[in-house]
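This report concerns only the one structure given below.
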Protein chains: 2
Amino acid sequence: MKKNTDVLIVGGSAAGVTTAITARRHYPDAKIAVIRKENQVLIPCGIPYIFGTVGSPENNLIPDAALSKNNVDLIIDEATSIDRAGKTVTTSNGDVIGYKKMVLATGSVPFVPPIPDMRLDNVFTVIKDVDHLNKMSKAFDEAEDLVIIGGGFIGVEFADECRKRKNLKVSIVELLPHCLLLACDEEICIKAEDKLKENGVNIMAGARAEAIVGNGKVEYIQLAGQEKLKADAVIMGIGVAPSSELAKSAELKVDERSSIYVDEFMRTSDEDIFAAGDCARKTSFFTGEKSRLMLASIASIESRVAGANLFALRRRNERAIGVFSTVIDDLCIGSAGMTEKLAKETGFDIVTGEASSPDRHPGGMPGMSNVSVKLIFSRESGVIIGGQIHGGPSVGEAINLIGATIQTRMRADDIATFQVGTHPALTASPIAYQITNAAEVALTKMR
Amino acid sequence: MKKNTDVLIVGGSAAGVTTAITARRHYPDAKIAVIRKENQVLIPCGIPYIFGTVGSPENNLIPDAALSKNNVDLIIDEATSIDRAGKTVTTSNGDVIGYKKMVLATGSVPFVPPIPDMRLDNVFTVIKDVDHLNKMSKAFDEAEDLVIIGGGFIGVEFADECRKRKNLKVSIVELLPHCLLLACDEEICIKAEDKLKENGVNIMAGARAEAIVGNGKVEYIQLAGQEKLKADAVIMGIGVAPSSELAKSAELKVDERSSIYVDEFMRTSDEDIFAAGDCARKTSFFTGEKSRLMLASIASIESRVAGANLFALRRRNERAIGVFSTVIDDLCIGSAGMTEKLAKETGFDIVTGEASSPDRHPGGMPGMSNVSVKLIFSRESGVIIGGQIHGGPSVGEAINLIGATIQTRMRADDIATFQVGTHPALTASPIAYQITNAAEVALTKMR
């Protein structure tokens with residue numbers, strides 16, 4: 001069967017859906033289709049919560065209504081090859097779909113270390129698939145010791161959710177000296193680790209998993225230096241790799257990490273094929289160099305660029321800042337831009353400023369958390385290049401405000417005199433407002 | 001007794017304290033003193049919460065530690081006159097205090113309509129004084145019917161807090177067609193009113209209080225058009241006026257509303273005397289014309305400008321945007337910049353965009369509220385000039401993010417492709433992020 005589309009989007013997760021909605025907004029009359037292989041699409045960032053708070057994969061789906069109400073056709077099938085000359089895609093079912101413009105939103109797959117013991121039963125990577133996640137959940141029901149290899153956001157979030165299952169003793173094995181160290185400075189990482197430890201999570205940081213050992217089913221993790229860690233189930237959370245097989249088979253340009261090359265307009269090496277999300281290469285907002293950031297929020301922005309540019313260039317990709325947030329028990333953490341550590345390693349001459357205050361005023365107002373902010377500035381220019389925050393749930397939007405100051409290249413002095421609204425039941429007092437005061441503190445060090 | 005200071009700050013509320021802290025940061029060796037007449041200073045925005053959530057004025061104080069730990073002298077006394085030639089201030093106690101630079105942070109006083117019945121017992125203005133507020137609280141304990149005249153933020157917050165006192169039936173009398181109409185567009189005002197009504201508050205909007213009637217003690221409010229409203233206690237919340245008597249007596253320049261003239265550096269007509277906060281004149285960020293905004297958050301920013309500029313001009317006041325937030329029961333509301341109504345009245349050709357989404361993803365995550373955003377853009381330039389938001393507590397910092405987009409003069413397209421961080425437990429999904437999508441919706445109308 002031959003179908004024709006104006007816009008064919010390959011992939012139905014954060015990038016695919018956002019591209020489709022954006023394309024519809026910008027090109028109201030285009031015939032737009034999304035092709036994806038999954039019957040149901042999981043909210044990617046919600047996956048750890050399936051194992052605790054949310055309860056099941058079925059409670060963590062991206063509703064297809066987002067497509068249907070935007071008059072986007074949904075094709076459940078797998079794109080297996082691209083004929084760039086003929087401008088068609090062939091699918092697993094043998095269908096051929098014509099396109100005028102295509103967007104590759106094929107995402108990423110978990111990085112799997114090339115060791116045979118990965119094939120033992122109950123050793124899981126985090127695949128965005130309902131059946132796979134249900135199988136993991138069942139295994140966790142029957143396990144006593146869960147070991148998570150990798151202490152990044154995914155590892156830490158899985159640990160905090162899985163410790164809520166009363167039967168599980170949870171350990172994290174992290175190669176770096178601390179969990180979350182790629183996104184946060186050490187003092188924040190330690191706070192996160194302390195919170196996990198308070199809740200019974202065993203943290204093995206600065207530890208290398210050398211082998212996964214078992215007989216059919218995993219039995220333990222062999223750590224470097226003789227120590228064994230009992231494991232009835234293992235989650236590998238050591239990162240993801242771009243899913244770019246389709247692009248490679250079509251001879252689109254990819255880099256040495258298999259990220260699909262895109263220009264500032266999100267066009268691949270073929271001007272009629274765009275790419276967005278985890279499969280597309282990223283560039284650092286701060287250095288212009290390649291960035292390893294892969295976030296649903298970045299995917300979404302790239303998709304808003306790609307979707308707008310399909311038939312006329314309307315937007316540029318402003319490069320990746322990296323704005324994160326997470327929650328461990330009641331500790332909310334946000335990070336945007338460069339950490340102090342990364343900024344120094346990159347060669348920046350920096351100044352930091354810190355401020356801490358209750359996020360209510362007076363502090364006796366209900367729901368109060370102490371919120372602490374650290375901002376990182378380039379000393380010479382005074383321009384903000386990073387920020388971290390921890391405290392209560394107000395952190396979720398406050399880190400986006402810090403992100404805004406970074407994206408608009410505000411200087412410490414601009415931030416110190418920036419107009420914020422404050423309210424007793426919602427924020428710090430205007431005298432103590434943390435972001436403003438952190439900038440003030442940094443300024444005193446610049447003089 | 002004669003004292004000498006380098007910096008003398010008159011007033012100890014949001015402006016005075018922030019000026020003192022800022023002056024200390026910028027001038028580490030200066031001898032800085034705050035003179036104020038109150039033994040204890042109330043958190044101004046927290047005053048309505050004294051009557052419900054917080055329980056007493058004593059639980060709503062600005063701690064003096066903010067001054068002492070910054071090595072700022074505190075003088076409890078009243079400045080009664082300024083000798084500008086001699087650079088001294090005389091106090092109620094007869095002391096004379098020398099200054100090199102002075103900052104007037106004398107704030108505002110409630111506007112009192114010039115009618116004799118204001119003198120009836122149990123008719124209260126909102127004075128920032130512990131004894132006065134305790135007297136109000138006692139009167140409310142003994143009352144059945146409380147009438148609040150004025151449905152702005154103060155009126156609405158008092159209503160929501162006082163209705164929590166089980167003995168009180170609370171009414172608001174508002175002259176305009178809706179409460180909050182100076183800060184929010186009609187549809188948000190109606191949501192706020194509905195929430196108050198759900199909680200038993202009687203709202204008389206579009207109603208004029210013609211007289212306060214009683215015999216010694218207030219008995220009722222006479223509304224225009226014959227209706228009487230029973231009242232055992234009355235709160236007048238119809239606005240505040242700059243407190244500028246001291247400035248006037250020193251022949252500093254004031255405008256027709258008695259606001260103290262200040263230049264962009266917060267200097268009064270005397271270069272050695274600065275003013276900041278409610279007593280100082282304000283200019284609109286959007287029009288350059290006089291603004292009636294008086295907010296603790298604006299006072300705080302002006303104080304950061306004044307405090308930095310005392311001995312050398314280092315900062316400019318960027319004019320007042322007006323970023324508000326409030327909470328009524330569980331409905332949080334934020335507003336920044338111009339409303340749609342005000343923008344149109346001012347003559348702007350505008351486009352609005354609205355978006356609504358749960359502030360968690362999936363929506364089943366705990367603590368979810370639906371959050372709705374409306375952004376207002378200048379059609380020709382695409383620059384944002386206002387925004388409103390309502391939903392759960394994340395609104396408190398989200399309105400500051402909207403404020404940042406206004407202050408940095410972002411265009412709709414910048415906001416639509418703005419990098420935000422998202423997390424299942426803290427924000428909307430990246431696909432549905434409300435501020436981004438509201439900008440996208442506005443863009444579709446601009447084309």
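Ligands are numbered from 1 in the order shown, chains are lettered A, B, ... in the order of the structure tokens, and residues start at 1 in each chain.
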### Message
Could you pull out the helix (DSSP H, G or I) residues of region 2-95 of chain B, going by DSSP on the backbone, and write them as a VMD selection string?
### Response
chain B and resid 14 to 26 44 to 50 57 to 59 65 to 68
Put those residues in a file: N, CA and C atoms, as a compact mmCIF listing (two decimals), in the first residue's frame.
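So the final result, stored in part_7.txt, reads:
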# COMPACT_ATOMS: atom_id res chain seq x y z
N ALA B 14 10.40 46.57 54.30
CA ALA B 14 11.07 45.91 53.16
C ALA B 14 12.13 46.81 52.52
N ALA B 15 11.78 48.08 52.30
CA ALA B 15 12.75 48.98 51.65
C ALA B 15 13.92 49.29 52.57
N GLY B 16 13.63 49.62 53.82
CA GLY B 16 14.70 50.00 54.74
C GLY B 16 15.69 48.86 54.98
N VAL B 17 15.17 47.68 55.24
CA VAL B 17 16.05 46.54 55.51
C VAL B 17 16.88 46.18 54.27
N THR B 18 16.23 46.16 53.12
CA THR B 18 16.96 45.79 51.90
C THR B 18 18.01 46.85 51.56
N THR B 19 17.67 48.11 51.77
CA THR B 19 18.66 49.16 51.53
C THR B 19 19.87 48.97 52.46
N ALA B 20 19.61 48.66 53.71
CA ALA B 20 20.70 48.50 54.68
C ALA B 20 21.61 47.34 54.27
N ILE B 21 21.01 46.20 53.91
CA ILE B 21 21.81 45.03 53.53
C ILE B 21 22.62 45.34 52.27
N THR B 22 21.97 46.00 51.32
CA THR B 22 22.65 46.32 50.06
C THR B 22 23.79 47.31 50.29
N ALA B 23 23.51 48.32 51.12
CA ALA B 23 24.55 49.30 51.43
C ALA B 23 25.76 48.62 52.07
N ARG B 24 25.50 47.68 52.98
CA ARG B 24 26.60 46.96 53.63
C ARG B 24 27.39 46.16 52.60
N ARG B 25 26.70 45.51 51.66
CA ARG B 25 27.40 44.72 50.64
C ARG B 25 28.28 45.61 49.76
N HIS B 26 27.77 46.79 49.45
CA HIS B 26 28.50 47.65 48.52
C HIS B 26 29.52 48.53 49.21
N PRO B 44 5.10 43.12 55.66
CA PRO B 44 3.89 43.81 55.19
C PRO B 44 2.92 42.86 54.47
N CYS B 45 3.45 42.03 53.57
CA CYS B 45 2.57 41.16 52.77
C CYS B 45 1.94 40.08 53.62
N GLY B 46 2.49 39.85 54.81
CA GLY B 46 1.98 38.78 55.66
C GLY B 46 0.82 39.21 56.53
N ILE B 47 0.49 40.50 56.52
CA ILE B 47 -0.51 41.01 57.47
C ILE B 47 -1.87 40.31 57.35
N PRO B 48 -2.41 40.09 56.14
CA PRO B 48 -3.71 39.40 56.11
C PRO B 48 -3.67 38.02 56.78
N TYR B 49 -2.49 37.38 56.72
CA TYR B 49 -2.37 36.00 57.22
C TYR B 49 -2.33 35.94 58.74
N ILE B 50 -2.12 37.08 59.37
CA ILE B 50 -2.21 37.16 60.83
C ILE B 50 -3.60 36.75 61.29
N PRO B 57 0.16 38.76 65.10
CA PRO B 57 1.18 39.66 64.55
C PRO B 57 2.59 39.21 64.95
N GLU B 58 2.71 38.67 66.17
CA GLU B 58 4.02 38.27 66.66
C GLU B 58 4.64 37.16 65.80
N ASN B 59 3.81 36.43 65.08
CA ASN B 59 4.33 35.38 64.19
C ASN B 59 4.66 35.90 62.80
N ALA B 65 17.63 40.47 63.24
CA ALA B 65 18.93 39.85 62.94
C ALA B 65 19.42 40.22 61.54
N ALA B 66 18.48 40.49 60.62
CA ALA B 66 18.87 40.89 59.27
C ALA B 66 19.74 42.15 59.32
N LEU B 67 19.48 43.00 60.31
CA LEU B 67 20.29 44.21 60.47
C LEU B 67 21.56 43.92 61.26
N SER B 68 21.39 43.29 62.42
CA SER B 68 22.55 43.12 63.31
C SER B 68 23.64 42.29 62.65
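For chain B, the residues within 6 Å of chain A are Thr18, Gly46, Asn60, Ser297, Ser300, Ile301, Val323, Phe324, Ser325, Pro362, Ser394, Gly396, Glu397, Ala398, Asn400, Leu401, Thr417, Val420, Gly421, His423, Pro424, Leu426, Pro430 and Ile431 of chain B, with only C-alpha atoms used to measure distance.
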### Message
Going by DSSP on the backbone, which residues of region 21-203 of chain A come out as strand (DSSP E)? List them as a ChimeraX atom specification.
### Response
/A:32-36,73-76,79-83,88-91,96-98,101-104,108-110,123-125,145-149,169-174,202-203
Can you write just those residues out, C-alpha atoms, as a compact mmCIF listing (two decimals), in the first residue's frame?
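Output below, filename part_33.txt:
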# COMPACT_ATOMS: atom_id res chain seq x y z
CA ILE A 32 1.04 15.20 8.67
CA ALA A 33 1.63 11.66 9.92
CA VAL A 34 3.54 10.12 12.80
CA ILE A 35 4.86 6.59 12.35
CA ARG A 36 5.88 4.74 15.49
CA ASP A 73 -2.40 10.64 11.31
CA LEU A 74 -0.96 7.94 13.51
CA ILE A 75 0.62 4.91 11.85
CA ILE A 76 1.60 2.04 14.14
CA ALA A 79 10.01 2.60 9.33
CA THR A 80 12.72 0.23 8.09
CA SER A 81 14.32 2.12 5.22
CA ILE A 82 14.34 5.49 3.51
CA ASP A 83 14.54 6.04 -0.24
CA THR A 88 9.55 7.39 0.46
CA VAL A 89 9.85 5.27 3.57
CA THR A 90 9.27 1.52 3.61
CA THR A 91 7.79 -0.08 6.71
CA VAL A 96 5.51 2.61 1.30
CA ILE A 97 4.91 6.11 2.59
CA GLY A 98 5.77 9.16 0.52
CA LYS A 101 9.54 16.54 4.46
CA MET A 102 10.55 13.96 7.01
CA VAL A 103 11.55 14.34 10.65
CA LEU A 104 13.60 11.67 12.40
CA SER A 108 17.77 6.85 22.07
CA VAL A 109 18.37 3.35 23.37
CA PRO A 110 20.04 2.39 26.64
CA VAL A 123 19.35 -7.79 34.39
CA PHE A 124 17.41 -4.93 32.87
CA THR A 125 18.09 -1.90 30.77
CA ASP A 145 18.20 -7.04 46.54
CA LEU A 146 18.10 -4.59 43.66
CA VAL A 147 21.33 -3.12 42.35
CA ILE A 148 21.24 -0.06 40.10
CA ILE A 149 24.39 0.44 38.07
CA LYS A 169 16.92 -3.39 49.47
CA VAL A 170 18.28 -0.97 46.91
CA SER A 171 21.93 -0.23 46.10
CA ILE A 172 23.44 2.20 43.61
CA VAL A 173 26.87 1.51 42.10
CA GLU A 174 28.37 4.71 40.67
CA ASN A 202 22.97 1.76 49.91
CA ILE A 203 25.28 3.99 47.89
### Spatial neighbours of Ile260 (chain A), 10 Å, only C-alpha atoms, chain gap at least 4 places, as a list in words
Leu104, Pro242, Ser243, Ser244, Glu245, Ala247, Lys248, Leu252, Lys253, Val254, Asp255, Glu256, Met266, Arg267, Thr268, Ser269, Phe274, Ala275, Ala276, Gly277, Asp278, Cys279, Ala280, Arg281 and Lys282 of chain A
Same residues, C-alpha atoms, output as a CSV table (one decimal), in the first residue's frame:
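Final output, result27.csv:
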chain,number,residue,atom,x,y,z
A,104,LEU,CA,13.6,11.7,12.4
A,242,PRO,CA,21.3,7.9,19.9
A,243,SER,CA,19.0,5.6,17.9
A,244,SER,CA,20.2,6.4,14.4
A,245,GLU,CA,20.2,3.1,12.5
A,247,ALA,CA,19.5,7.5,9.4
A,248,LYS,CA,22.8,5.6,8.9
A,252,LEU,CA,22.7,10.6,6.4
A,253,LYS,CA,25.7,12.1,8.1
A,254,VAL,CA,26.2,11.0,11.7
A,255,ASP,CA,29.0,11.8,14.1
A,256,GLU,CA,31.4,9.5,15.9
A,266,MET,CA,17.5,21.0,12.6
A,267,ARG,CA,18.1,19.9,9.0
A,268,THR,CA,20.1,16.7,8.5
A,269,SER,CA,22.6,16.4,5.6
A,274,PHE,CA,15.1,16.9,9.8
A,275,ALA,CA,16.0,15.3,13.1
A,276,ALA,CA,15.1,16.3,16.6
A,277,GLY,CA,15.6,14.9,20.1
A,278,ASP,CA,18.0,12.3,21.5
A,279,CYS,CA,18.9,11.0,18.0
A,280,ALA,CA,20.2,14.5,16.9
A,281,ARG,CA,23.5,15.9,17.7
A,282,LYS,CA,23.7,18.6,20.4
### Message
Could you tell me how far CA of Glu345 (chain B) sits from CA of Leu293 (chain B), in Å to one decimal place?
### Response
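Separating CA of Leu293 (chain B) from CA of Glu345 (chain B) is a distance of 17.2 Å.
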### Message
Please compute the CA of Ser92 (chain B)-CA of Pro114 (chain B) distance, one decimal, in Å.
### Response
27.8 Å
